[in-house]
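Below: the structure, in structure tokens.
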There are 2 protein chains.
Amino acid sequence: MANQLSLSIDRSSPVPLYHQVVQGIEAAIHSGILEPGSRLDNEIDLAAQLNLSRPTMRKAMDELVRAGLLVRKRGVGTQVVSSQVRRPLELSSLYDDLSNNGKKPTTEVLSFSHVEADALTLAALQLPTGSKVYHFTRLRKVGGKPLALMENWVRDDITSMDEAQLANEGLYAILRRGGVNFRLASQRIGAMIANDYQAPLLETEAGSALVTMERTAVDDTGRMVETGHHVYRADSYSFEMTLVQR
Amino acid sequence: MANQLSLSIDRSSPVPLYHQVVQGIEAAIHSGILEPGSRLDNEIDLAAQLNLSRPTMRKAMDELVRAGLLVRKRGVGTQVVSSQVRRPLELSSLYDDLSNNGKKPTTEVLSFSHVEADALTLAALQLPTGSKVYHFTRLRKVGGKPLALMENWVRDDITSMDEAQLANEGLYAILRRGGVNFRLASQRIGAMIANDYQAPLLETEAGSALVTMERTAVDDTGRMVETGHHVYRADSYSFEMTLVQR
DNA sequence: GTCAATAGTTTGTCCTGACATTAGGATGTT
DNA sequence: AACATCCTAATGTCAGGACAAACTATTGAC
């Protein structure tokens, strides 16, 4: 019960107090100080130990429960869940995922154009008839091995872009620099068989398995910013996620 | 600006006040009373209109922001985002998904045994050596058409089960009745090519595309309850989800 | 006319306090 | 010894207030 997690709270920091607590407990769980299954002190005591109010402590624990790291039971207490489970799928791009894992992805721009959007794209991005979009296809490799073939459509009233930029960095990095704050994305994951166009580009045989993903991303003003259709080599990529019951 | 969403709050209801607000606003958005892009009154006024405190109002809006229905901006206000986007992927089972959509799924139990778990299963469910588990494979059809081939391992210290039960209802329904409160699940989605065992069962050709899913579910006490490996016909099933930036 | 300082609005954070609800153990009775 | 009842501990809900930070729009100075 005496689970003295020695967190240090810096009240002069611009980081909100509850978030400092989240980070502290998160670190304690990952480093093994808090073992899976162990019970935490109750909210009141924890708050007192850190000189925080109970609502602040609760807000921190709320986040950890939502993230799937803690489990609360009324009348019983709060426990650390198995640390085996992974973090929820974040709103990130393939490029970010790879970079964060220490990989060095390269991008080859196969086609690039600035054209009037077709009906399907207009609907996906909720744009008025006649709007123009950037349309391009890219091939992403890691360690020289092709991983993903990506076709995207991006509205052109946010930031301008060209082939050279796309070859050097991820699409989301470009858009973020253009002032886009992504808020949510809806995506659909499925499977298909590699066709004669995809197979040679991904250096696999026609008929091999591909993971498909269609995504549309929305920014904080509600604008549909980007929609894309991606395919991944099934032997090199899969989607991992943690679902939390609310 | 004057967005009189006429919600009725029932203070005698056992449903928490903030949740009544969530439901009310959710309904208003879905029914079109609150249009996408429209601004809500500020928190203080809204709370006053409903005779609630600001923290309660905020808690409700927090949930809606997390669900991706609202967008808040400091100094500006709160807006309804596009209602096009779907709800976040819930922790539900295929059986629930299908039933909720008005389909009538049928289940064929291909094999069923109560055996000592192998090393891989022991690791996945974090069980001590020598533990026994239920191991079974099921074929799920909708409208007579095969959709999914599912292999599962379930710990046996929760509830007993047999072939007949599995044929009549979903696995999650059985476990819930056995007292399991699911909290989170980690899953991995990928793709593969149908092999000679899978193809005839799913009434497709060997070499056609399948969506694969591996899932391990955890209950509110942190126990790993169930792990499974499922494959779906790619032409009939895909995973839809909404990712929310936090 | 253009730019910078300023005031006002709105959400973000944090506090104290109170009561309700639930789970589980302790107690007492049969 | 078995059972029902009470009590305690912990989380869940709700209130009201205070100040901080960020964005907008207006105002003022040059």
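Identifiers in the structure tokens: chain A, B, ... in order shown; residue index from 1 per chain; ligand index from 1 in order shown.
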
For chain C, work out the contacting residues on chain A at 8 Å, counting only C-alpha atoms (C1' of nucleotides), and write them as a PDB file with all heavy atoms, in the first residue's frame.
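Contents of iface05.pdb, freshly written:
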ATOM      1  N   PRO A  16       1.252  21.711 -17.153  1.00  0.00           N
ATOM      2  CA  PRO A  16       0.198  21.601 -16.133  1.00  0.00           C
ATOM      3  C   PRO A  16       0.552  20.538 -15.101  1.00  0.00           C
ATOM      4  O   PRO A  16       1.156  19.517 -15.426  1.00  0.00           O
ATOM      5  CB  PRO A  16      -1.030  21.186 -16.938  1.00  0.00           C
ATOM      6  CG  PRO A  16      -0.769  21.656 -18.315  1.00  0.00           C
ATOM      7  CD  PRO A  16       0.718  21.602 -18.505  1.00  0.00           C
ATOM      8  N   SER A  53      -4.467  19.122  -5.132  1.00  0.00           N
ATOM      9  CA  SER A  53      -5.866  18.905  -4.757  1.00  0.00           C
ATOM     10  C   SER A  53      -6.349  17.597  -5.372  1.00  0.00           C
ATOM     11  O   SER A  53      -5.770  17.082  -6.319  1.00  0.00           O
ATOM     12  CB  SER A  53      -6.722  20.055  -5.265  1.00  0.00           C
ATOM     13  OG  SER A  53      -6.839  19.986  -6.664  1.00  0.00           O
ATOM     14  N   THR A  56      -7.185  17.607  -9.195  1.00  0.00           N
ATOM     15  CA  THR A  56      -5.999  17.570 -10.043  1.00  0.00           C
ATOM     16  C   THR A  56      -5.450  16.149 -10.129  1.00  0.00           C
ATOM     17  O   THR A  56      -5.119  15.649 -11.203  1.00  0.00           O
ATOM     18  CB  THR A  56      -4.923  18.518  -9.493  1.00  0.00           C
ATOM     19  OG1 THR A  56      -5.467  19.829  -9.414  1.00  0.00           O
ATOM     20  CG2 THR A  56      -3.708  18.522 -10.381  1.00  0.00           C
ATOM     21  N   ARG A  74     -14.451   1.391  -7.750  1.00  0.00           N
ATOM     22  CA  ARG A  74     -15.048   2.125  -6.642  1.00  0.00           C
ATOM     23  C   ARG A  74     -15.049   1.262  -5.389  1.00  0.00           C
ATOM     24  O   ARG A  74     -15.395   0.090  -5.448  1.00  0.00           O
ATOM     25  CB  ARG A  74     -16.478   2.498  -7.016  1.00  0.00           C
ATOM     26  CG  ARG A  74     -17.134   3.414  -6.041  1.00  0.00           C
ATOM     27  CD  ARG A  74     -18.594   3.588  -6.378  1.00  0.00           C
ATOM     28  NE  ARG A  74     -18.805   4.440  -7.547  1.00  0.00           N
ATOM     29  CZ  ARG A  74     -19.981   4.997  -7.817  1.00  0.00           C
ATOM     30  NH1 ARG A  74     -20.987   4.797  -7.029  1.00  0.00           N
ATOM     31  NH2 ARG A  74     -20.106   5.743  -8.881  1.00  0.00           N
ATOM     32  N   GLY A  75     -14.659   1.831  -4.303  1.00  0.00           N
ATOM     33  CA  GLY A  75     -14.666   1.106  -3.045  1.00  0.00           C
ATOM     34  C   GLY A  75     -13.457   0.210  -2.863  1.00  0.00           C
ATOM     35  O   GLY A  75     -13.270  -0.356  -1.792  1.00  0.00           O
ATOM     36  N   VAL A  76     -12.657   0.071  -3.885  1.00  0.00           N
ATOM     37  CA  VAL A  76     -11.508  -0.826  -3.794  1.00  0.00           C
ATOM     38  C   VAL A  76     -10.197  -0.061  -3.907  1.00  0.00           C
ATOM     39  O   VAL A  76      -9.396  -0.024  -2.973  1.00  0.00           O
ATOM     40  CB  VAL A  76     -11.571  -1.897  -4.895  1.00  0.00           C
ATOM     41  CG1 VAL A  76     -10.387  -2.828  -4.776  1.00  0.00           C
ATOM     42  CG2 VAL A  76     -12.872  -2.656  -4.794  1.00  0.00           C
TER      43      VAL A  76
END

Inset, instruction - Would you give me, as JSON, numbers by chain, the residues of chain A that come within 10 Å of chain D, using only C-alpha atoms (C1' of nucleotides)? - result: {"A": [41, 42, 43, 44, 58, 72, 73, 74, 75, 76, 77, 78]}

Inset, instruction - Could you give me, as a ChimeraX atom specification, each residue of range 57-190 of chain B that DSSP assigns to helix (DSSP H, G or I) when run on this structure's backbone? - result: /B:57-66,94-100,119-125,163-168,171-177

At a cut-off of 6 Å, list the chain A residues touching chain B, using only C-alpha atoms, as an mmCIF file with N, CA and C atoms, in the first residue's frame.
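This is the output file result06.cif:
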data_model
loop_
_atom_site.group_PDB
_atom_site.id
_atom_site.type_symbol
_atom_site.label_atom_id
_atom_site.label_comp_id
_atom_site.auth_asym_id
_atom_site.auth_seq_id
_atom_site.Cartn_x
_atom_site.Cartn_y
_atom_site.Cartn_z
ATOM 1 N N VAL A 81 -2.348 -1.768 -14.491
ATOM 2 C CA VAL A 81 -2.656 -2.854 -15.420
ATOM 3 C C VAL A 81 -1.349 -3.386 -15.975
ATOM 4 N N LEU A 91 -2.619 9.662 -33.587
ATOM 5 C CA LEU A 91 -2.847 10.293 -34.885
ATOM 6 C C LEU A 91 -1.492 10.718 -35.422
ATOM 7 N N ARG A 183 -6.688 17.250 -35.764
ATOM 8 C CA ARG A 183 -7.524 16.908 -34.629
ATOM 9 C C ARG A 183 -8.008 15.479 -34.682
ATOM 10 N N LEU A 184 -8.465 15.047 -35.833
ATOM 11 C CA LEU A 184 -8.890 13.664 -35.907
ATOM 12 C C LEU A 184 -8.815 13.146 -37.323
ATOM 13 N N ALA A 185 -8.826 11.861 -37.440
ATOM 14 C CA ALA A 185 -8.766 11.207 -38.734
ATOM 15 C C ALA A 185 -9.643 9.975 -38.678
ATOM 16 N N SER A 186 -10.365 9.733 -39.764
ATOM 17 C CA SER A 186 -11.116 8.486 -39.814
ATOM 18 C C SER A 186 -10.459 7.611 -40.856
ATOM 19 N N GLN A 187 -10.263 6.373 -40.514
ATOM 20 C CA GLN A 187 -9.581 5.506 -41.453
ATOM 21 C C GLN A 187 -10.215 4.135 -41.495
ATOM 22 N N ARG A 188 -9.918 3.454 -42.568
ATOM 23 C CA ARG A 188 -10.467 2.122 -42.791
ATOM 24 C C ARG A 188 -9.315 1.229 -43.215
ATOM 25 N N ILE A 189 -9.180 0.103 -42.540
ATOM 26 C CA ILE A 189 -8.079 -0.811 -42.821
ATOM 27 C C ILE A 189 -8.624 -2.110 -43.375
ATOM 28 N N GLY A 190 -8.038 -2.570 -44.445
ATOM 29 C CA GLY A 190 -8.476 -3.809 -45.056
ATOM 30 C C GLY A 190 -7.310 -4.521 -45.713
ATOM 31 N N ALA A 191 -7.617 -5.372 -46.679
ATOM 32 C CA ALA A 191 -6.572 -6.141 -47.335
ATOM 33 C C ALA A 191 -6.888 -6.276 -48.810
ATOM 34 N N MET A 192 -5.862 -6.503 -49.625
ATOM 35 C CA MET A 192 -6.060 -6.771 -51.037
ATOM 36 C C MET A 192 -4.854 -7.544 -51.566
ATOM 37 N N ILE A 193 -4.972 -7.956 -52.801
ATOM 38 C CA ILE A 193 -3.914 -8.689 -53.491
ATOM 39 C C ILE A 193 -3.144 -7.699 -54.362
ATOM 40 N N ALA A 209 0.041 -10.504 -50.466
ATOM 41 C CA ALA A 209 -0.922 -9.792 -49.633
ATOM 42 C C ALA A 209 -0.474 -8.363 -49.341
ATOM 43 N N VAL A 211 -1.736 -4.750 -47.071
ATOM 44 C CA VAL A 211 -2.647 -4.101 -46.139
ATOM 45 C C VAL A 211 -3.062 -2.773 -46.767
ATOM 46 N N GLY A 222 -12.136 21.986 -38.355
ATOM 47 C CA GLY A 222 -13.147 21.143 -38.967
ATOM 48 C C GLY A 222 -12.945 20.918 -40.447
ATOM 49 N N ALA A 234 2.257 -6.671 -46.597
ATOM 50 C CA ALA A 234 1.728 -7.308 -45.388
ATOM 51 C C ALA A 234 2.834 -7.985 -44.587
ATOM 52 N N SER A 238 1.989 -3.846 -40.039
ATOM 53 C CA SER A 238 0.642 -4.113 -39.544
ATOM 54 C C SER A 238 0.273 -2.988 -38.587
ATOM 55 N N PHE A 239 -1.006 -2.847 -38.325
ATOM 56 C CA PHE A 239 -1.478 -1.769 -37.452
ATOM 57 C C PHE A 239 -1.689 -2.313 -36.050
ATOM 58 N N GLU A 240 -1.068 -1.677 -35.093
ATOM 59 C CA GLU A 240 -1.256 -2.070 -33.704
ATOM 60 C C GLU A 240 -2.054 -1.002 -32.991
ATOM 61 N N MET A 241 -2.960 -1.414 -32.118
ATOM 62 C CA MET A 241 -3.750 -0.409 -31.402
ATOM 63 C C MET A 241 -4.266 -0.985 -30.101
ATOM 64 N N THR A 242 -4.595 -0.109 -29.209
ATOM 65 C CA THR A 242 -5.206 -0.514 -27.954
ATOM 66 C C THR A 242 -6.577 0.132 -27.861
ATOM 67 N N LEU A 243 -7.580 -0.659 -27.648
ATOM 68 C CA LEU A 243 -8.938 -0.135 -27.516
ATOM 69 C C LEU A 243 -9.278 -0.057 -26.042
ATOM 70 N N VAL A 244 -9.874 1.048 -25.646
ATOM 71 C CA VAL A 244 -10.229 1.233 -24.246
ATOM 72 C C VAL A 244 -11.739 1.335 -24.110
ATOM 73 N N GLN A 245 -12.271 0.564 -23.188
ATOM 74 C CA GLN A 245 -13.717 0.606 -22.929
ATOM 75 C C GLN A 245 -14.046 1.854 -22.129
#

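Going from CA of Val180 in chain A over to CA of Gln165 in chain A, you cover 16.5 Å.
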
Inset, instruction - Between CA of Met61 in chain A and CA of Glu63 in chain B, measure the distance and give it in Å to one decimal. - result: 15.4 Å

Legend entry - Length of the CA of Leu202 in chain B to CA of His230 in chain B vector [Å]: 12.2 Å
